[in-house]
>>> print(open('run_7.pdb').read())   # PDB, C-alpha atoms, pLDDT in the B column
ATOM      1  CA  MET X   1     -13.137 104.772  40.408  1.00 65.00           C
ATOM      2  CA  GLN X   2     -13.272 102.679  37.236  1.00 76.00           C
ATOM      3  CA  ASP X   3      -9.514 102.236  37.079  1.00 78.00           C
ATOM      4  CA  LYS X   4      -9.588 100.981  40.680  1.00 86.00           C
ATOM      5  CA  VAL X   5     -12.249  98.441  39.693  1.00 87.00           C
ATOM      6  CA  ILE X   6      -9.964  97.199  36.919  1.00 86.00           C
ATOM      7  CA  GLU X   7      -7.106  96.913  39.433  1.00 89.00           C
ATOM      8  CA  ILE X   8      -9.339  94.765  41.648  1.00 89.00           C
ATOM      9  CA  ILE X   9     -10.437  92.617  38.692  1.00 88.00           C
ATOM     10  CA  VAL X  10      -6.778  92.102  37.766  1.00 89.00           C
ATOM     11  CA  TYR X  11      -6.009  91.131  41.376  1.00 88.00           C
ATOM     12  CA  ILE X  12      -8.927  88.670  41.551  1.00 87.00           C
ATOM     13  CA  LEU X  13      -8.095  87.060  38.207  1.00 86.00           C
ATOM     14  CA  SER X  14      -4.426  86.802  39.180  1.00 86.00           C
ATOM     15  CA  GLU X  15      -5.474  85.003  42.350  1.00 84.00           C
ATOM     16  CA  ILE X  16      -7.821  82.685  40.447  1.00 81.00           C
ATOM     17  CA  LYS X  17      -5.084  81.945  37.909  1.00 78.00           C
ATOM     18  CA  GLU X  18      -2.953  80.684  40.810  1.00 78.00           C
ATOM     19  CA  ILE X  19      -5.557  77.921  41.321  1.00 69.00           C
ATOM     20  CA  LYS X  20      -7.461  79.682  44.060  1.00 67.00           C
ATOM     21  CA  GLN X  21     -11.213  79.540  44.454  1.00 74.00           C
ATOM     22  CA  LEU X  22     -13.194  82.775  44.673  1.00 70.00           C
ATOM     23  CA  ASN X  23     -13.941  82.194  48.335  1.00 74.00           C
ATOM     24  CA  ASP X  24     -10.195  81.721  49.057  1.00 78.00           C
ATOM     25  CA  ILE X  25      -9.379  85.261  47.925  1.00 80.00           C
ATOM     26  CA  ASN X  26      -8.526  87.551  50.809  1.00 81.00           C
ATOM     27  CA  ILE X  27     -10.932  90.451  50.371  1.00 83.00           C
ATOM     28  CA  ASN X  28      -9.619  92.104  53.546  1.00 86.00           C
ATOM     29  CA  SER X  29      -6.308  92.699  51.776  1.00 86.00           C
ATOM     30  CA  LEU X  30      -8.199  94.735  49.165  1.00 88.00           C
ATOM     31  CA  THR X  31      -9.847  96.808  51.888  1.00 88.00           C
ATOM     32  CA  ASP X  32      -6.460  97.264  53.567  1.00 89.00           C
ATOM     33  CA  LYS X  33      -5.083  98.623  50.278  1.00 90.00           C
ATOM     34  CA  GLY X  34      -7.758 101.338  50.345  1.00 90.00           C
ATOM     35  CA  TYR X  35     -10.357  99.969  47.966  1.00 90.00           C
ATOM     36  CA  SER X  36     -13.948 100.707  48.931  1.00 90.00           C
ATOM     37  CA  ASP X  37     -16.655  98.084  49.345  1.00 88.00           C
ATOM     38  CA  SER X  38     -18.402  99.568  46.323  1.00 89.00           C
ATOM     39  CA  GLU X  39     -15.328  99.123  44.134  1.00 89.00           C
ATOM     40  CA  ILE X  40     -14.810  95.547  45.350  1.00 88.00           C
ATOM     41  CA  ASN X  41     -18.485  94.702  44.804  1.00 88.00           C
ATOM     42  CA  THR X  42     -18.371  96.195  41.307  1.00 87.00           C
ATOM     43  CA  ALA X  43     -15.347  94.074  40.400  1.00 86.00           C
ATOM     44  CA  PHE X  44     -17.025  90.903  41.622  1.00 85.00           C
ATOM     45  CA  ALA X  45     -20.254  91.899  39.855  1.00 86.00           C
ATOM     46  CA  TRP X  46     -18.362  92.258  36.573  1.00 83.00           C
ATOM     47  CA  ILE X  47     -16.740  88.838  36.989  1.00 82.00           C
ATOM     48  CA  PHE X  48     -20.036  87.186  37.931  1.00 81.00           C
ATOM     49  CA  SER X  49     -21.848  88.861  35.021  1.00 81.00           C
ATOM     50  CA  LYS X  50     -19.285  87.415  32.603  1.00 76.00           C
ATOM     51  CA  LEU X  51     -19.678  83.975  34.144  1.00 74.00           C
ATOM     52  CA  ASP X  52     -23.471  84.308  34.100  1.00 71.00           C
ATOM     53  CA  GLU X  53     -23.389  85.197  30.389  1.00 69.00           C
ATOM     54  CA  GLY X  54     -21.334  82.081  29.757  1.00 62.00           C
ATOM     55  CA  GLU X  55     -18.280  84.026  28.652  1.00 61.00           C
ATOM     56  CA  LEU X  56     -14.840  82.606  29.241  1.00 59.00           C
ATOM     57  CA  ILE X  57     -12.807  84.788  31.554  1.00 62.00           C
ATOM     58  CA  PHE X  58      -9.620  82.944  30.726  1.00 57.00           C
ATOM     59  CA  GLU X  59      -8.833  82.046  27.150  1.00 55.00           C
ATOM     60  CA  ASN X  60      -8.787  78.354  26.296  1.00 51.00           C
ATOM     61  CA  GLU X  61      -5.277  76.975  25.897  1.00 47.00           C
ATOM     62  CA  ILE X  62      -6.281  75.568  22.483  1.00 41.00           C
ATOM     63  CA  VAL X  63      -7.404  78.976  21.213  1.00 50.00           C
ATOM     64  CA  LYS X  64      -4.082  80.665  21.951  1.00 55.00           C
ATOM     65  CA  THR X  65      -1.991  81.461  18.950  1.00 57.00           C
ATOM     66  CA  ARG X  66       1.732  81.300  18.672  1.00 60.00           C
ATOM     67  CA  SER X  67       1.931  84.812  17.310  1.00 65.00           C
ATOM     68  CA  HIS X  68       3.002  87.811  19.362  1.00 70.00           C
ATOM     69  CA  ARG X  69       2.306  91.446  18.722  1.00 74.00           C
ATOM     70  CA  PHE X  70       5.250  93.792  18.457  1.00 83.00           C
ATOM     71  CA  PHE X  71       4.999  97.519  18.992  1.00 87.00           C
ATOM     72  CA  ASN X  72       6.090  99.568  16.004  1.00 89.00           C
ATOM     73  CA  ILE X  73       8.423 102.553  16.351  1.00 91.00           C
ATOM     74  CA  ALA X  74       5.612 105.085  16.834  1.00 89.00           C
ATOM     75  CA  GLU X  75       3.836 102.906  19.410  1.00 91.00           C
ATOM     76  CA  ASN X  76       7.093 102.386  21.318  1.00 91.00           C
ATOM     77  CA  LYS X  77       7.458 106.160  21.595  1.00 93.00           C
ATOM     78  CA  ILE X  78       3.890 106.655  22.827  1.00 94.00           C
ATOM     79  CA  PHE X  79       3.583 103.779  25.326  1.00 94.00           C
ATOM     80  CA  SER X  80       5.761 103.716  28.427  1.00 94.00           C
ATOM     81  CA  VAL X  81       7.430 100.445  29.374  1.00 94.00           C
ATOM     82  CA  ASP X  82       4.978 100.045  32.275  1.00 94.00           C
ATOM     83  CA  ALA X  83       1.997 100.653  29.986  1.00 93.00           C
ATOM     84  CA  LYS X  84       3.183  98.017  27.510  1.00 92.00           C
ATOM     85  CA  GLY X  85       3.755  95.591  30.360  1.00 92.00           C
ATOM     86  CA  TYR X  86       0.264  96.258  31.678  1.00 92.00           C
ATOM     87  CA  LEU X  87      -1.245  95.452  28.283  1.00 92.00           C
ATOM     88  CA  LEU X  88       0.650  92.162  28.250  1.00 89.00           C
ATOM     89  CA  LEU X  89      -0.527  91.353  31.787  1.00 89.00           C
ATOM     90  CA  LEU X  90      -4.150  91.919  30.798  1.00 90.00           C
ATOM     91  CA  ARG X  91      -3.654  89.688  27.762  1.00 87.00           C
ATOM     92  CA  GLU X  92      -2.159  86.915  29.890  1.00 84.00           C
ATOM     93  CA  LEU X  93      -5.064  87.170  32.336  1.00 85.00           C
ATOM     94  CA  GLY X  94      -7.546  86.957  29.471  1.00 82.00           C
ATOM     95  CA  LEU X  95      -9.102  90.373  30.066  1.00 85.00           C
ATOM     96  CA  LEU X  96      -7.960  91.534  26.636  1.00 86.00           C
ATOM     97  CA  ASN X  97      -7.404  89.496  23.526  1.00 84.00           C
ATOM     98  CA  ASP X  98      -5.152  90.469  20.620  1.00 85.00           C
ATOM     99  CA  LEU X  99      -7.920  92.386  18.848  1.00 87.00           C
ATOM    100  CA  ASP X 100      -8.770  94.271  22.058  1.00 88.00           C
ATOM    101  CA  ILE X 101      -5.133  95.305  22.476  1.00 90.00           C
ATOM    102  CA  ASP X 102      -5.063  96.589  18.899  1.00 90.00           C
ATOM    103  CA  LEU X 103      -8.244  98.589  19.558  1.00 90.00           C
ATOM    104  CA  VAL X 104      -6.841 100.090  22.766  1.00 91.00           C
ATOM    105  CA  ILE X 105      -3.601 101.047  20.999  1.00 92.00           C
ATOM    106  CA  GLU X 106      -5.585 102.584  18.144  1.00 91.00           C
ATOM    107  CA  ARG X 107      -7.756 104.623  20.548  1.00 90.00           C
ATOM    108  CA  VAL X 108      -4.718 105.896  22.410  1.00 91.00           C
ATOM    109  CA  ILE X 109      -3.029 107.006  19.194  1.00 91.00           C
ATOM    110  CA  LEU X 110      -6.200 108.617  17.820  1.00 91.00           C
ATOM    111  CA  SER X 111      -6.645 110.476  21.121  1.00 90.00           C
ATOM    112  CA  GLY X 112      -3.456 112.367  20.384  1.00 90.00           C
ATOM    113  CA  TYR X 113      -1.235 111.129  23.201  1.00 89.00           C
ATOM    114  CA  GLN X 114       2.450 111.887  22.790  1.00 92.00           C
ATOM    115  CA  LYS X 115       3.289 109.641  25.758  1.00 94.00           C
ATOM    116  CA  ILE X 116       0.911 107.483  27.798  1.00 94.00           C
ATOM    117  CA  ASN X 117       1.701 106.101  31.208  1.00 92.00           C
ATOM    118  CA  ILE X 118       0.068 103.247  33.055  1.00 92.00           C
ATOM    119  CA  THR X 119      -2.343 105.534  34.956  1.00 90.00           C
ATOM    120  CA  ASP X 120      -3.801 107.032  31.779  1.00 90.00           C
ATOM    121  CA  LEU X 121      -3.855 103.635  30.094  1.00 91.00           C
ATOM    122  CA  LYS X 122      -5.922 102.199  32.943  1.00 89.00           C
ATOM    123  CA  LYS X 123      -8.607 104.818  32.201  1.00 85.00           C
ATOM    124  CA  PHE X 124      -8.758 103.753  28.558  1.00 84.00           C
ATOM    125  CA  ILE X 125      -8.884 100.102  29.480  1.00 88.00           C
ATOM    126  CA  SER X 126     -11.534 100.580  32.167  1.00 85.00           C
ATOM    127  CA  SER X 127     -13.873 102.241  29.672  1.00 81.00           C
ATOM    128  CA  PHE X 128     -13.119  99.478  27.193  1.00 79.00           C
ATOM    129  CA  ILE X 129     -13.617  96.550  29.593  1.00 80.00           C
ATOM    130  CA  LEU X 130     -16.497  97.975  31.600  1.00 77.00           C
ATOM    131  CA  ASN X 131     -18.153  99.206  28.373  1.00 68.00           C
ATOM    132  CA  THR X 132     -18.881 102.649  29.750  1.00 48.00           C
ATOM    133  CA  GLU X 133     -18.912 104.202  26.290  1.00 46.00           C
ATOM    134  CA  ASN X 134     -22.092 102.334  25.307  1.00 47.00           C
ATOM    135  CA  LYS X 135     -24.654 103.834  27.684  1.00 40.00           C
ATOM    136  CA  SER X 136     -27.552 102.011  26.037  1.00 42.00           C
ATOM    137  CA  ASP X 137     -26.167  98.659  27.130  1.00 42.00           C
ATOM    138  CA  VAL X 138     -28.005  97.133  30.077  1.00 40.00           C
ATOM    139  CA  LEU X 139     -24.734  96.065  31.653  1.00 42.00           C
ATOM    140  CA  SER X 140     -23.341  99.589  31.487  1.00 41.00           C
ATOM    141  CA  ARG X 141     -24.551 100.135  35.060  1.00 43.00           C
ATOM    142  CA  MET X 142     -21.726  97.992  36.445  1.00 46.00           C
ATOM    143  CA  ILE X 143     -20.443 100.796  38.633  1.00 51.00           C
ATOM    144  CA  LEU X 144     -22.218 100.582  41.939  1.00 53.00           C
ATOM    145  CA  GLN X 145     -23.086 103.560  44.067  1.00 52.00           C
ATOM    146  CA  ASN X 146     -21.582 103.949  47.558  1.00 55.00           C
ATOM    147  CA  ASN X 147     -24.612 102.390  49.234  1.00 56.00           C
ATOM    148  CA  ASP X 148     -25.131  99.536  46.707  1.00 56.00           C
ATOM    149  CA  THR X 149     -24.232  95.991  47.658  1.00 56.00           C
ATOM    150  CA  ILE X 150     -24.398  92.602  45.999  1.00 56.00           C
ATOM    151  CA  ASN X 151     -26.076  89.840  47.967  1.00 49.00           C
TER     152      ASN X 151
END
>>> encode(input="run_7.pdb", output="structure tokens")
Amino acid sequence: MQDKVIEIIVYILSEIKEIKQLNDININSLTDKGYSDSEINTAFAWIFSKLDEGELIFENEIVKTRSHRFFNIAENKIFSVDAKGYLLLLRELGLLNDLDIDLVIERVILSGYQKINITDLKKFISSFILNTENKSDVLSRMILQNNDTIN
């Protein structure tokens, strides 16, 4: 379920990046794609929690550096083309910064993957973004149950 929440967050942020307001986003299209109300609510809850904490969802243009990360030979063998593209998409959307990408790459390598595809990478990223590894964190309960709603 967590990787689906990340997919929804990516969709919402992509829509916002195209100068849309939150209330202009077609939520019915998400439901038509098979996402549950719980998953959609969780994605919006994550976005609203970041806004409520005063965090920037999108990086400031001034903060962006002119440097680009290149994958070394070993990383190129481990990450599929789609997985590398997905990391770049998340960086462009501001969900991951350069340090976050390095941490995700490091975790994948330390986990012993010989080859990682986009599906497996989404699981790593969902635990990283939704902070599911730190159970003591108050915000770790971002995953809603089937009957939970946000009003």
>>> atom_distance(input="run_7.pdb", atom1="atom CA of X:Phe124", atom2="atom CA of X:Asp3")
8.7 Å
>>> closest_residue(input="run_7.pdb", among="X:Ile27, X:Ile78, X:Ile125, X:Ile8", to="X:Asp100", atoms="all atoms listed in the file")
X:Ile125
>>> resolve_selection(input="run_7.pdb", expression="the PyMOL selection byres ((chain X and resi 69) around 12)", output="list in words")
Thr65, Arg66, Ser67, His68, Phe70, Phe71, Asn72, Glu75, Lys84, Leu87, Leu88, Arg91, Asn97, Asp98, Leu99, Asp100, Ile101, Asp102 and Ile105 of chain X
>>> closest_residue(input="run_7.pdb", among="X:Leu93, X:Leu103, X:Val81, X:Val108", to="X:Ile12", atoms="only C-alpha atoms")
X:Leu93
>>> atom_distance(input="run_7.pdb", atom1="atom CA of X:Asn117", atom2="atom CA of X:Gly94")
21.3 Å
>>> axis_aligned_box(input="run_7.pdb", around="stretch 124-131 of chain X", padding_each_side="3 Å", output="lines of an AutoDock Vina configuration file")
center_x = -13.5
center_y = 100.2
center_z = 29.7
size_x = 15.4
size_y = 13.2
size_z = 11.0
>>> atom_distance(input="run_7.pdb", atom1="atom CA of X:Leu110", atom2="atom CA of X:Ile9")
26.6 Å
>>> residues_around(input="run_7.pdb", residues="X:Asp82", least_positions_apart="3", cutoff="10 Å", atoms="all atoms listed in the file", output="list in words")
Phe79, Gly85, Tyr86, Leu87, Leu88, Ile116, Asn117, Ile118, Thr119 and Leu121 of chain X
>>> closest_residue(input="run_7.pdb", among="X:Leu95, X:Ala83, X:Ile16, X:Ile109", to="X:Lys122", atoms="only C-alpha atoms")
X:Ala83
>>> closest_residue(input="run_7.pdb", among="X:Ser14, X:Ser38, X:Ser49, X:Gln21", to="X:Leu130", atoms="all atoms listed in the file")
X:Ser49
>>> closest_residue(input="run_7.pdb", among="X:Trp46, X:Asp37, X:Ala74, X:Tyr113", to="X:Val10", atoms="only C-alpha atoms")
X:Trp46
>>> closest_residue(input="run_7.pdb", among="X:Lys115, X:Lys50, X:Lys77, X:Lys17", to="X:Ile129", atoms="all atoms listed in the file")
X:Lys50
>>> build_atoms(input="run_7.pdb", residues="stretch 15-31 of chain X", atoms="N, CA and C atoms", output="mmCIF file, in the coordinates of the input")
data_model
loop_
_atom_site.group_PDB
_atom_site.id
_atom_site.type_symbol
_atom_site.label_atom_id
_atom_site.label_comp_id
_atom_site.auth_asym_id
_atom_site.auth_seq_id
_atom_site.Cartn_x
_atom_site.Cartn_y
_atom_site.Cartn_z
ATOM 1 N N GLU X 15 -5.310 85.972 41.267
ATOM 2 C CA GLU X 15 -5.474 85.003 42.350
ATOM 3 C C GLU X 15 -6.127 83.723 41.831
ATOM 4 N N ILE X 16 -7.144 83.860 41.002
ATOM 5 C CA ILE X 16 -7.821 82.685 40.447
ATOM 6 C C ILE X 16 -6.855 81.892 39.568
ATOM 7 N N LYS X 17 -6.037 82.598 38.804
ATOM 8 C CA LYS X 17 -5.084 81.945 37.909
ATOM 9 C C LYS X 17 -4.077 81.098 38.697
ATOM 10 N N GLU X 18 -3.851 81.459 39.952
ATOM 11 C CA GLU X 18 -2.953 80.684 40.810
ATOM 12 C C GLU X 18 -3.702 79.537 41.489
ATOM 13 N N ILE X 19 -4.766 79.061 40.875
ATOM 14 C CA ILE X 19 -5.557 77.921 41.321
ATOM 15 C C ILE X 19 -6.251 78.183 42.657
ATOM 16 N N LYS X 20 -6.678 79.384 42.866
ATOM 17 C CA LYS X 20 -7.461 79.682 44.060
ATOM 18 C C LYS X 20 -8.930 79.736 43.682
ATOM 19 N N GLN X 21 -9.780 79.403 44.624
ATOM 20 C CA GLN X 21 -11.213 79.540 44.454
ATOM 21 C C GLN X 21 -11.601 80.969 44.829
ATOM 22 N N LEU X 22 -12.752 81.419 44.349
ATOM 23 C CA LEU X 22 -13.194 82.775 44.673
ATOM 24 C C LEU X 22 -13.301 83.004 46.178
ATOM 25 N N ASN X 23 -13.778 81.995 46.900
ATOM 26 C CA ASN X 23 -13.941 82.194 48.335
ATOM 27 C C ASN X 23 -12.616 82.097 49.094
ATOM 28 N N ASP X 24 -11.518 81.734 48.433
ATOM 29 C CA ASP X 24 -10.195 81.721 49.057
ATOM 30 C C ASP X 24 -9.477 83.064 48.933
ATOM 31 N N ILE X 25 -10.026 83.963 48.140
ATOM 32 C CA ILE X 25 -9.379 85.261 47.925
ATOM 33 C C ILE X 25 -9.574 86.133 49.158
ATOM 34 N N ASN X 26 -8.501 86.721 49.616
ATOM 35 C CA ASN X 26 -8.526 87.551 50.809
ATOM 36 C C ASN X 26 -9.035 88.948 50.457
ATOM 37 N N ILE X 27 -10.314 89.159 50.684
ATOM 38 C CA ILE X 27 -10.932 90.451 50.371
ATOM 39 C C ILE X 27 -10.457 91.525 51.342
ATOM 40 N N ASN X 28 -10.109 91.127 52.557
ATOM 41 C CA ASN X 28 -9.619 92.104 53.546
ATOM 42 C C ASN X 28 -8.346 92.786 53.069
ATOM 43 N N SER X 29 -7.529 92.066 52.290
ATOM 44 C CA SER X 29 -6.308 92.699 51.776
ATOM 45 C C SER X 29 -6.653 93.819 50.801
ATOM 46 N N LEU X 30 -7.762 93.661 50.070
ATOM 47 C CA LEU X 30 -8.199 94.735 49.165
ATOM 48 C C LEU X 30 -8.653 95.957 49.959
ATOM 49 N N THR X 31 -9.389 95.710 51.038
ATOM 50 C CA THR X 31 -9.847 96.808 51.888
ATOM 51 C C THR X 31 -8.657 97.502 52.546
#
